[in-house]
Amino acid sequence: MNSVLKKLLFLFLGLVLVSFNCYSNDIPEGPQLSEKDVTVEMTNVIMKGVEAKVTVHFKNPEFRKTFEGYPVTIKVNGKPIVARVSKGSAEFKYKFTEKQNFKIEISGFTFSKKINPIPLWFSVIPPLIAILFALIFKEVFTALFIGILVGTATMFWYQDTNLFLAVFKGIFAIADTYIIEALSESGHMAIIIFSMLIGAMVNIITRNGGMKGVVNILSKYANSPRSGQFVTWLLGIAIFFDDYANTLVVGNTMRPVTDKLKISREKLAYIVDSTAAPITAIAFVTTWIGAELSYIQDGINTIGLTESAYGIFLSSLSYSFYPIFALLFILILIRKQVDFGPMYHAEKKARNSDANLINDDSNTFSNKLNELEVSEHINPRWYNAAIPVFIVIFGTFAGLLYTGWDQSVWHDGALSFSNKLSTVIGNSDSYKALLWSSISGVLAAILLTLIQKILNLKDTIDSMINGFRTMLTAIVILILAWSIALVTKHLHTADFISQSLVSINIAPQFIPAFTFILGALVAFSTGSSWGTMAILYPLILPASWLIAQNSGLDHAESLAIFYNVVSAVLAGSVMGDHCSPISDTTILSSLASSCNHIEHVRTQLPYALTVGGVSILIGTIPAAFGISSWILFPTGLFALFLIVKFAGKSY
């Protein structure tokens, strides 16, 4: 009985402190604790002005039994903070604004630690160094490694370690923390395995003559640089449901065709990259739709809108200027048969070169898939490549339906067919679907090769293993890119960019353009369009609605701004991803096209910036002032046409 009364008393005291913010210097009575009874765990990276998590773990059995489930008062730098004990631990957040001696006191126990928070502005330095090194020295491995090292060394340096020792600790942390954590995420491992399996499949269907057969068929339609680029664009649109599958399948399939037609690897990588994410971002049924709808739903729940998330997504498509302009800009370039900037020089070099692009080491991504020659006795049959590729494409779609299937959704009479399909795809496990389809494609390629006795078992398996090896370079780059993304997460890079730009006083009509630029900056710095959406949607959607309402706009006008902002987050994420050398989809595009990665970024950047500029000036901003999208889309396309006409040069 006494124990129950004691717990009720402590609960009452805790509620009083929480409700009235009473700061008392007295700690409620309890067992006297020592260092052996309590441990304190803190966030390893402390950033100035960003709340850090502090967890107090109680090992004293009597204390755990007495306080479990109830509030406990902890003195932090002399001021009491109330935290609830759960599973023997009490957790709270504390914002460090200056260098200090951080002190915790509870029931006789005292914890003290010197804290020197890292300035938040420094969070942009590691990714910027990686990007600048990559662009200047055209060597992505060293650039990424240096960027990660700057981040890790700084973390240790601010933890009261001398600079020399911090560098050594930073090097070790790259291996034992960041690379390991990058590899331990199931989604990252799924992409690595998927890439390896695609490499194995492509290698097998190259050795068994299937790829040569496809090239022979496509050559009938892709018999010139213009038609070759158009067929590549068309395949990029056709595989709309996943950007990873799109990038690897289209790049690997069309590379032999574009090589034969003397289309540069840089142009192939650009078409692959600039069709994959844009079409996946705006299509009704994709692996992106689930994440997009969940973020939108969270936003409308916060502000109390009654519209459905899918309805808002559909309404936002009329403001999706960048993805649509990016897709159509490629067609303008193909139709006019011109290019400008670094892409012009790459295309001119390819057109005027007598050497086979396949053997041009300066133009490859250290990928030797295409150096394999098909033996003369092998009869090239197109279906030996087409069947495995179709299995990957349709197998991925079937896997998405299977993993996301919900009987109640499919029998919901209130939903249209497209709504049902999008909901199912949105709830799917895209990684499982990709893995199932890719391993099925490899098995199909092996069976077709063995059944027709094109290669013996040993040569077939050797081809598969060699396919795995060809992906090593790209996989290392992906791992380093994921590692630097983790560094930016720990350093709160996105928080710095968001806080810096959100603090600007802005009229509601300029919020969509501001959101687009913010999304592009975050995606460029972090290399992740998905991460950018996860960061910005919860931040921008409620803020944009409140700003619109507080500015005196009526419901319809506020809703139009809201639709525009929903689209701008997605569009800015895609554009920033296109411009970033540390983006995984940009890296995969280089991989699939066997293009030098830095050359791909360098040649694509002017095009992405051109389309982005037109999207903001002729699309996003005028739309926010009420001009119809039916006027803006043709006007924007005409502007892009004029840019190509006057800036473009033929070869």
# chains A, B, ... in the order shown; residues from 1 in each chain; ligands from 1
call {"tool": "residues_around", "arguments": {"residues": "stretch 615-627 of chain A", "least_positions_apart": "5", "cutoff": "6 Å", "atoms": "only C-alpha atoms", "output": "ChimeraX atom specification"}}
result
/A:321-322,509,513,561,632,636
call {"tool": "closest_atom_pairs", "arguments": {"of": "stretch 133-251 of chain A", "to": "stretch 108-120 of chain A", "cutoff": "12 Å", "atoms": "only C-alpha atoms", "output": "CSV"}}
result
residue,atom,partner,partner_atom,distance
A:Gly151,CA,A:Ile118,CA,10.7
A:Thr152,CA,A:Ile118,CA,11.8
A:Ala153,CA,A:Ile118,CA,11.8
A:Thr154,CA,A:Ile118,CA,8.2
A:Met155,CA,A:Ile118,CA,7.6
A:Phe156,CA,A:Ile118,CA,10.2
A:Trp157,CA,A:Ile118,CA,9.4
A:Tyr158,CA,A:Asn116,CA,5.8
A:Gln159,CA,A:Asn116,CA,6.6
A:Asp160,CA,A:Asn116,CA,7.5
A:Thr161,CA,A:Asn116,CA,10.8
call {"tool": "write_last_selection", "arguments": {"atoms": "C-alpha atoms", "output": "PDB file, in the first residue's frame"}}
result
ATOM      1  CA  GLY A 151      32.663  15.144 -41.750  1.00  0.00           C
ATOM      2  CA  THR A 152      33.881  12.334 -39.490  1.00  0.00           C
ATOM      3  CA  ALA A 153      37.125  14.095 -38.506  1.00  0.00           C
ATOM      4  CA  THR A 154      35.191  17.221 -37.558  1.00  0.00           C
ATOM      5  CA  MET A 155      32.844  15.194 -35.364  1.00  0.00           C
ATOM      6  CA  PHE A 156      35.787  13.820 -33.369  1.00  0.00           C
ATOM      7  CA  TRP A 157      37.619  17.155 -33.342  1.00  0.00           C
ATOM      8  CA  TYR A 158      34.682  18.821 -31.601  1.00  0.00           C
ATOM      9  CA  GLN A 159      34.564  15.960 -29.095  1.00  0.00           C
ATOM     10  CA  ASP A 160      37.649  17.412 -27.401  1.00  0.00           C
ATOM     11  CA  THR A 161      40.170  15.469 -29.513  1.00  0.00           C
TER      12      THR A 161
END
call {"tool": "residues_around", "arguments": {"residues": "A:Val72", "least_positions_apart": "6", "cutoff": "6 Å", "atoms": "only C-alpha atoms", "output": "PDB file with N, CA and C atoms, in the first residue's frame"}}
result
ATOM      1  N   VAL A  82      11.393  17.024 -16.350  1.00  0.00           N
ATOM      2  CA  VAL A  82      10.595  15.846 -16.027  1.00  0.00           C
ATOM      3  C   VAL A  82      10.583  14.909 -17.228  1.00  0.00           C
ATOM      4  N   ALA A  83      10.945  13.658 -17.000  1.00  0.00           N
ATOM      5  CA  ALA A  83      10.942  12.648 -18.059  1.00  0.00           C
ATOM      6  C   ALA A  83      10.314  11.377 -17.510  1.00  0.00           C
ATOM      7  N   ARG A  84       9.570  10.680 -18.336  1.00  0.00           N
ATOM      8  CA  ARG A  84       8.909   9.446 -17.901  1.00  0.00           C
ATOM      9  C   ARG A  84       9.866   8.268 -18.045  1.00  0.00           C
TER      10      ARG A  84
END
call {"tool": "residues_around", "arguments": {"residues": "A:Pro606", "least_positions_apart": "6", "cutoff": "9 Å", "atoms": "only C-alpha atoms", "output": "list in words"}}
result
Phe340, Gly341, Pro342, Met343 and Cys579 of chain A
call {"tool": "write_last_selection", "arguments": {"atoms": "N, CA and C atoms", "output": "CSV table (one decimal), in the first residue's frame"}}
result
chain,number,residue,atom,x,y,z
A,340,PHE,N,23.9,21.5,-76.8
A,340,PHE,CA,24.8,22.7,-76.4
A,340,PHE,C,25.5,22.4,-75.1
A,341,GLY,N,26.5,23.2,-74.9
A,341,GLY,CA,27.3,23.0,-73.7
A,341,GLY,C,28.2,21.8,-73.8
A,342,PRO,N,28.6,21.2,-72.7
A,342,PRO,CA,29.5,20.0,-72.7
A,342,PRO,C,28.9,18.8,-73.5
A,343,MET,N,27.6,18.7,-73.5
A,343,MET,CA,27.0,17.6,-74.3
A,343,MET,C,27.3,17.7,-75.8
A,579,CYS,N,21.2,16.9,-60.7
A,579,CYS,CA,22.5,17.8,-60.7
A,579,CYS,C,23.5,17.2,-59.7
call {"tool": "residues_around", "arguments": {"residues": "A:Leu455", "least_positions_apart": "6", "cutoff": "10 Å", "atoms": "only C-alpha atoms", "output": "PDB file with C-alpha atoms, in the first residue's frame"}}
result
ATOM      1  CA  ILE A 204      24.849 -13.798 -69.915  1.00  0.00           C
ATOM      2  CA  ARG A 207      27.592 -13.926 -74.255  1.00  0.00           C
ATOM      3  CA  ASN A 208      24.716 -16.063 -75.582  1.00  0.00           C
ATOM      4  CA  ILE A 378      26.557 -18.538 -81.920  1.00  0.00           C
ATOM      5  CA  ILE A 446      20.754 -19.304 -67.688  1.00  0.00           C
ATOM      6  CA  LEU A 448      17.707 -20.325 -72.225  1.00  0.00           C
ATOM      7  CA  THR A 449      21.490 -20.568 -72.646  1.00  0.00           C
ATOM      8  CA  ILE A 461      28.198 -19.598 -64.592  1.00  0.00           C
ATOM      9  CA  SER A 463      29.508 -15.282 -67.357  1.00  0.00           C
TER      10      SER A 463
END
